[in-house]
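Coordinates from input_6.cif are shown below (mmCIF, C-alpha atoms).
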```cif
data_upload
#
loop_
_atom_site.group_PDB
_atom_site.id
_atom_site.type_symbol
_atom_site.label_atom_id
_atom_site.label_comp_id
_atom_site.auth_asym_id
_atom_site.auth_seq_id
_atom_site.Cartn_x
_atom_site.Cartn_y
_atom_site.Cartn_z
ATOM 1 C CA MET E 6 5.496 -18.452 23.957
ATOM 2 C CA ALA E 7 3.636 -17.669 20.772
ATOM 3 C CA VAL E 8 0.201 -19.260 20.782
ATOM 4 C CA ILE E 9 -0.970 -19.675 17.218
ATOM 5 C CA HIS E 10 -4.416 -20.505 15.897
ATOM 6 C CA CYS E 11 -4.323 -22.864 12.933
ATOM 7 C CA LYS E 12 -5.988 -21.372 9.857
ATOM 8 C CA ALA E 13 -6.822 -24.810 8.478
ATOM 9 C CA CYS E 14 -8.519 -26.454 11.465
ATOM 10 C CA GLY E 15 -8.783 -23.697 14.106
ATOM 11 C CA ALA E 16 -6.755 -25.493 16.788
ATOM 12 C CA SER E 17 -4.518 -23.493 19.148
ATOM 13 C CA TYR E 18 -0.923 -24.572 19.792
ATOM 14 C CA HIS E 19 2.469 -23.236 20.870
ATOM 15 C CA TYR E 20 4.643 -22.418 17.871
ATOM 16 C CA GLU E 21 7.943 -22.864 19.725
ATOM 17 C CA LYS E 22 7.003 -26.373 20.927
ATOM 18 C CA GLU E 23 5.305 -27.957 17.922
ATOM 19 C CA GLY E 24 6.207 -25.796 14.923
ATOM 20 C CA CYS E 25 3.308 -27.217 12.929
ATOM 21 C CA CYS E 26 -0.299 -27.799 13.946
ATOM 22 C CA PRO E 27 -0.484 -31.005 16.026
ATOM 23 C CA ASN E 28 -4.083 -31.539 14.918
ATOM 24 C CA CYS E 29 -3.807 -31.347 11.121
ATOM 25 C CA GLY E 30 -0.065 -30.820 10.452
ATOM 26 C CA ALA E 31 -0.456 -27.457 8.663
ATOM 27 C CA TYR E 32 2.329 -24.873 8.926
ATOM 28 C CA ASN E 33 1.173 -21.478 10.163
ATOM 29 C CA ARG E 34 3.538 -18.522 10.064
ATOM 30 C CA PRO E 35 4.104 -16.928 13.484
ATOM 31 C CA PRO E 36 3.049 -13.286 13.906
ATOM 32 C CA LYS E 37 5.755 -10.663 13.463
ATOM 33 C CA ARG E 38 7.110 -9.470 16.783
ATOM 34 C CA ASN E 39 9.405 -6.714 15.510
ATOM 35 C CA ARG E 40 8.552 -3.049 15.802
ATOM 36 C CA VAL E 41 10.245 -0.106 14.095
ATOM 37 C CA THR E 42 10.317 3.083 16.147
ATOM 38 C CA ALA E 43 10.144 6.628 14.778
ATOM 39 C CA GLU E 44 13.943 6.860 15.012
ATOM 40 C CA GLY E 45 14.297 3.791 12.758
ATOM 41 C CA THR E 46 15.481 1.279 15.357
ATOM 42 C CA VAL E 47 14.062 -2.234 15.283
ATOM 43 C CA GLN E 48 12.838 -3.612 18.608
ATOM 44 C CA HIS E 49 11.803 -7.192 19.365
ATOM 45 C CA MET E 50 8.624 -7.255 21.468
ATOM 46 C CA THR E 51 7.764 -9.777 24.134
ATOM 47 C CA ASP E 52 4.465 -11.653 23.995
ATOM 48 C CA ALA E 53 2.842 -9.333 26.554
ATOM 49 C CA ALA E 54 3.979 -6.188 24.734
ATOM 50 C CA TYR E 55 2.795 -7.593 21.416
ATOM 51 C CA VAL E 56 -0.670 -8.438 22.736
ATOM 52 C CA LYS E 57 -0.936 -5.049 24.444
ATOM 53 C CA ARG E 58 0.106 -3.196 21.273
ATOM 54 C CA LYS E 59 -2.213 -5.305 19.120
ATOM 55 C CA TYR E 60 -5.309 -4.234 21.061
ATOM 56 C CA GLU E 61 -4.259 -0.606 21.569
ATOM 57 C CA GLN E 62 -3.619 0.318 17.931
ATOM 58 C CA VAL E 63 -5.367 3.509 16.920
ATOM 59 C CA LYS E 64 -4.875 5.162 13.564
ATOM 60 C CA VAL E 65 -4.020 8.847 13.630
ATOM 61 C CA CYS E 66 -4.563 11.010 10.575
ATOM 62 C CA PHE E 67 -2.254 14.005 10.248
ATOM 63 C CA GLU E 68 -3.625 15.187 6.907
ATOM 64 C CA GLU E 69 -5.674 18.322 6.709
ATOM 65 C CA LYS E 70 -8.966 17.882 4.871
ATOM 66 C CA GLU E 71 -9.577 20.492 2.162
ATOM 67 C CA CYS E 72 -12.379 21.077 -0.290
ATOM 68 C CA TYR E 73 -11.556 22.201 -3.824
ATOM 69 C CA GLU E 74 -15.075 22.670 -5.217
ATOM 70 C CA ASP E 75 -14.642 26.429 -5.628
ATOM 71 C CA GLN E 76 -11.580 25.817 -7.838
ATOM 72 C CA ALA E 77 -13.410 23.512 -10.258
ATOM 73 C CA ARG E 78 -13.825 24.487 -13.903
ATOM 74 C CA PRO E 79 -17.224 26.074 -14.633
ATOM 75 C CA VAL E 80 -19.793 24.042 -16.542
ATOM 76 C CA ASN E 81 -20.299 25.027 -20.200
ATOM 77 C CA ARG E 82 -24.087 25.330 -20.630
ATOM 78 C CA SER E 83 -24.186 27.173 -23.957
ATOM 79 C CA SER E 84 -22.967 24.346 -26.226
ATOM 80 C CA ALA E 85 -25.566 21.761 -25.185
ATOM 81 C CA PRO E 86 -28.604 21.518 -27.506
ATOM 82 C CA ASN E 87 -31.218 21.214 -24.753
ATOM 83 C CA GLY E 88 -29.597 23.530 -22.199
ATOM 84 C CA SER E 89 -28.385 20.685 -19.992
ATOM 85 C CA PRO E 90 -24.818 20.929 -18.710
ATOM 86 C CA GLN E 91 -22.220 19.447 -21.005
ATOM 87 C CA ILE E 92 -18.860 18.873 -19.380
ATOM 88 C CA THR E 93 -15.923 18.282 -21.684
ATOM 89 C CA ALA E 94 -12.281 17.917 -20.916
ATOM 90 C CA PRO E 95 -9.973 20.658 -22.161
ATOM 91 C CA GLY E 96 -8.543 19.984 -25.608
ATOM 92 C CA VAL E 97 -11.129 17.369 -26.657
ATOM 93 C CA GLY E 98 -12.033 19.299 -29.815
ATOM 94 C CA LYS E 99 -8.378 19.655 -30.752
ATOM 95 C CA ARG E 100 -7.863 15.921 -30.292
ATOM 96 C CA LYS E 101 -10.783 15.141 -32.610
ATOM 97 C CA VAL E 102 -9.366 17.389 -35.347
ATOM 98 C CA PHE E 103 -5.893 15.926 -34.933
ATOM 99 C CA SER E 104 -7.271 12.380 -35.051
ATOM 100 C CA PHE E 105 -9.235 13.183 -38.212
ATOM 101 C CA ILE E 106 -6.137 14.627 -39.904
ATOM 102 C CA VAL E 107 -4.037 11.592 -38.995
ATOM 103 C CA ASP E 108 -6.741 9.241 -40.294
ATOM 104 C CA LEU E 109 -6.974 11.226 -43.547
ATOM 105 C CA ILE E 110 -3.200 11.061 -44.070
ATOM 106 C CA VAL E 111 -3.214 7.288 -43.464
ATOM 107 C CA VAL E 112 -6.004 6.785 -46.010
ATOM 108 C CA ILE E 113 -4.187 8.905 -48.629
ATOM 109 C CA VAL E 114 -0.921 6.992 -48.113
ATOM 110 C CA LEU E 115 -2.736 3.659 -48.464
ATOM 111 C CA LEU E 116 -4.417 4.825 -51.682
ATOM 112 C CA ILE E 117 -1.085 5.957 -53.124
ATOM 113 C CA LEU E 118 0.525 2.628 -52.219
ATOM 114 C CA GLY E 119 -2.363 0.765 -53.849
ATOM 115 C CA VAL E 120 -1.976 2.756 -57.079
ATOM 116 C CA VAL E 121 1.796 2.161 -57.113
ATOM 117 C CA VAL E 122 1.370 -1.588 -56.545
ATOM 118 C CA CYS E 123 -1.224 -1.758 -59.353
ATOM 119 C CA ALA E 124 1.120 0.127 -61.695
ATOM 120 C CA ILE E 125 3.971 -2.265 -60.906
ATOM 121 C CA ILE E 126 1.747 -5.292 -61.525
ATOM 122 C CA ALA E 127 0.498 -3.807 -64.827
ATOM 123 C CA ALA E 128 4.075 -3.088 -65.956
ATOM 124 C CA ARG E 129 5.156 -6.678 -65.381
ATOM 125 C CA GLY E 130 2.159 -8.313 -66.973
#
```
Just give me the structure as structure tokens.
Amino acid sequence: MAVIHCKACGASYHYEKEGCCPNCGAYNRPPKRNRVTAEGTVQHMTDAAYVKRKYEQVKVCFEEKECYEDQARPVNRSSAPNGSPQITAPGVGKRKVFSFIVDLIVVIVLLILGVVVCAIIAARG
């Protein structure tokens, strides 16, 4: 039988007998007893197998650790005013120029629209 510890009051009870905590009446979800094997089959574990598996779990890492420091981009020391390293992302200067051009075009279009609106108002009045 699944012995559950109530999260609300801490009492222990059998889930199959009571269903809810007999002390405070709170519903506590039973632990999952299904296990999926490497082949993809689902197996229902008994209480003893579940407890045994719960305390024997060990994580295994199959990834290989690698260091990529030697592949990093070199630091540009010549452009800093005081000789300290200045790290910039590639294309930052191009983005600033592009942003300036877009802002300039927006300002020119707004000025032209303002002149046209003023001309229309002057023609009517």
Legend entry - Å distance separating CA of His10 in chain E from CA of Cys29 in chain E, one decimal place: 11.9 Å
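Across the structure, CA of Pro35 in chain E and CA of Val8 in chain E are spaced 8.6 Å apart.
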Target residues per the PyMOL selection byres ((chain E and resi 28) around 9), formatted as a PDB file with C-alpha atoms, in the coordinates of the input:
```
ATOM      1  CA  CYS E  11      -4.323 -22.864  12.933  1.00  0.00           C
ATOM      2  CA  CYS E  14      -8.519 -26.454  11.465  1.00  0.00           C
ATOM      3  CA  ALA E  16      -6.755 -25.493  16.788  1.00  0.00           C
ATOM      4  CA  CYS E  25       3.308 -27.217  12.929  1.00  0.00           C
ATOM      5  CA  CYS E  26      -0.299 -27.799  13.946  1.00  0.00           C
ATOM      6  CA  PRO E  27      -0.484 -31.005  16.026  1.00  0.00           C
ATOM      7  CA  CYS E  29      -3.807 -31.347  11.121  1.00  0.00           C
ATOM      8  CA  GLY E  30      -0.065 -30.820  10.452  1.00  0.00           C
ATOM      9  CA  ALA E  31      -0.456 -27.457   8.663  1.00  0.00           C
TER      10      ALA E  31
END
```
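Computed from the coordinates, the CA of Val112 in chain E to CA of Ile126 in chain E distance equals 21.1 Å.
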Range 12-24 of chain E: axis-aligned bounding box, 6 Å on each side, centre and edge lengths in Å, one decimal, as AutoDock Vina command-line options:
```
--center_x -0.4 --center_y -24.7 --center_z 14.7 --size_x 28.7 --size_y 18.6 --size_z 24.4
```
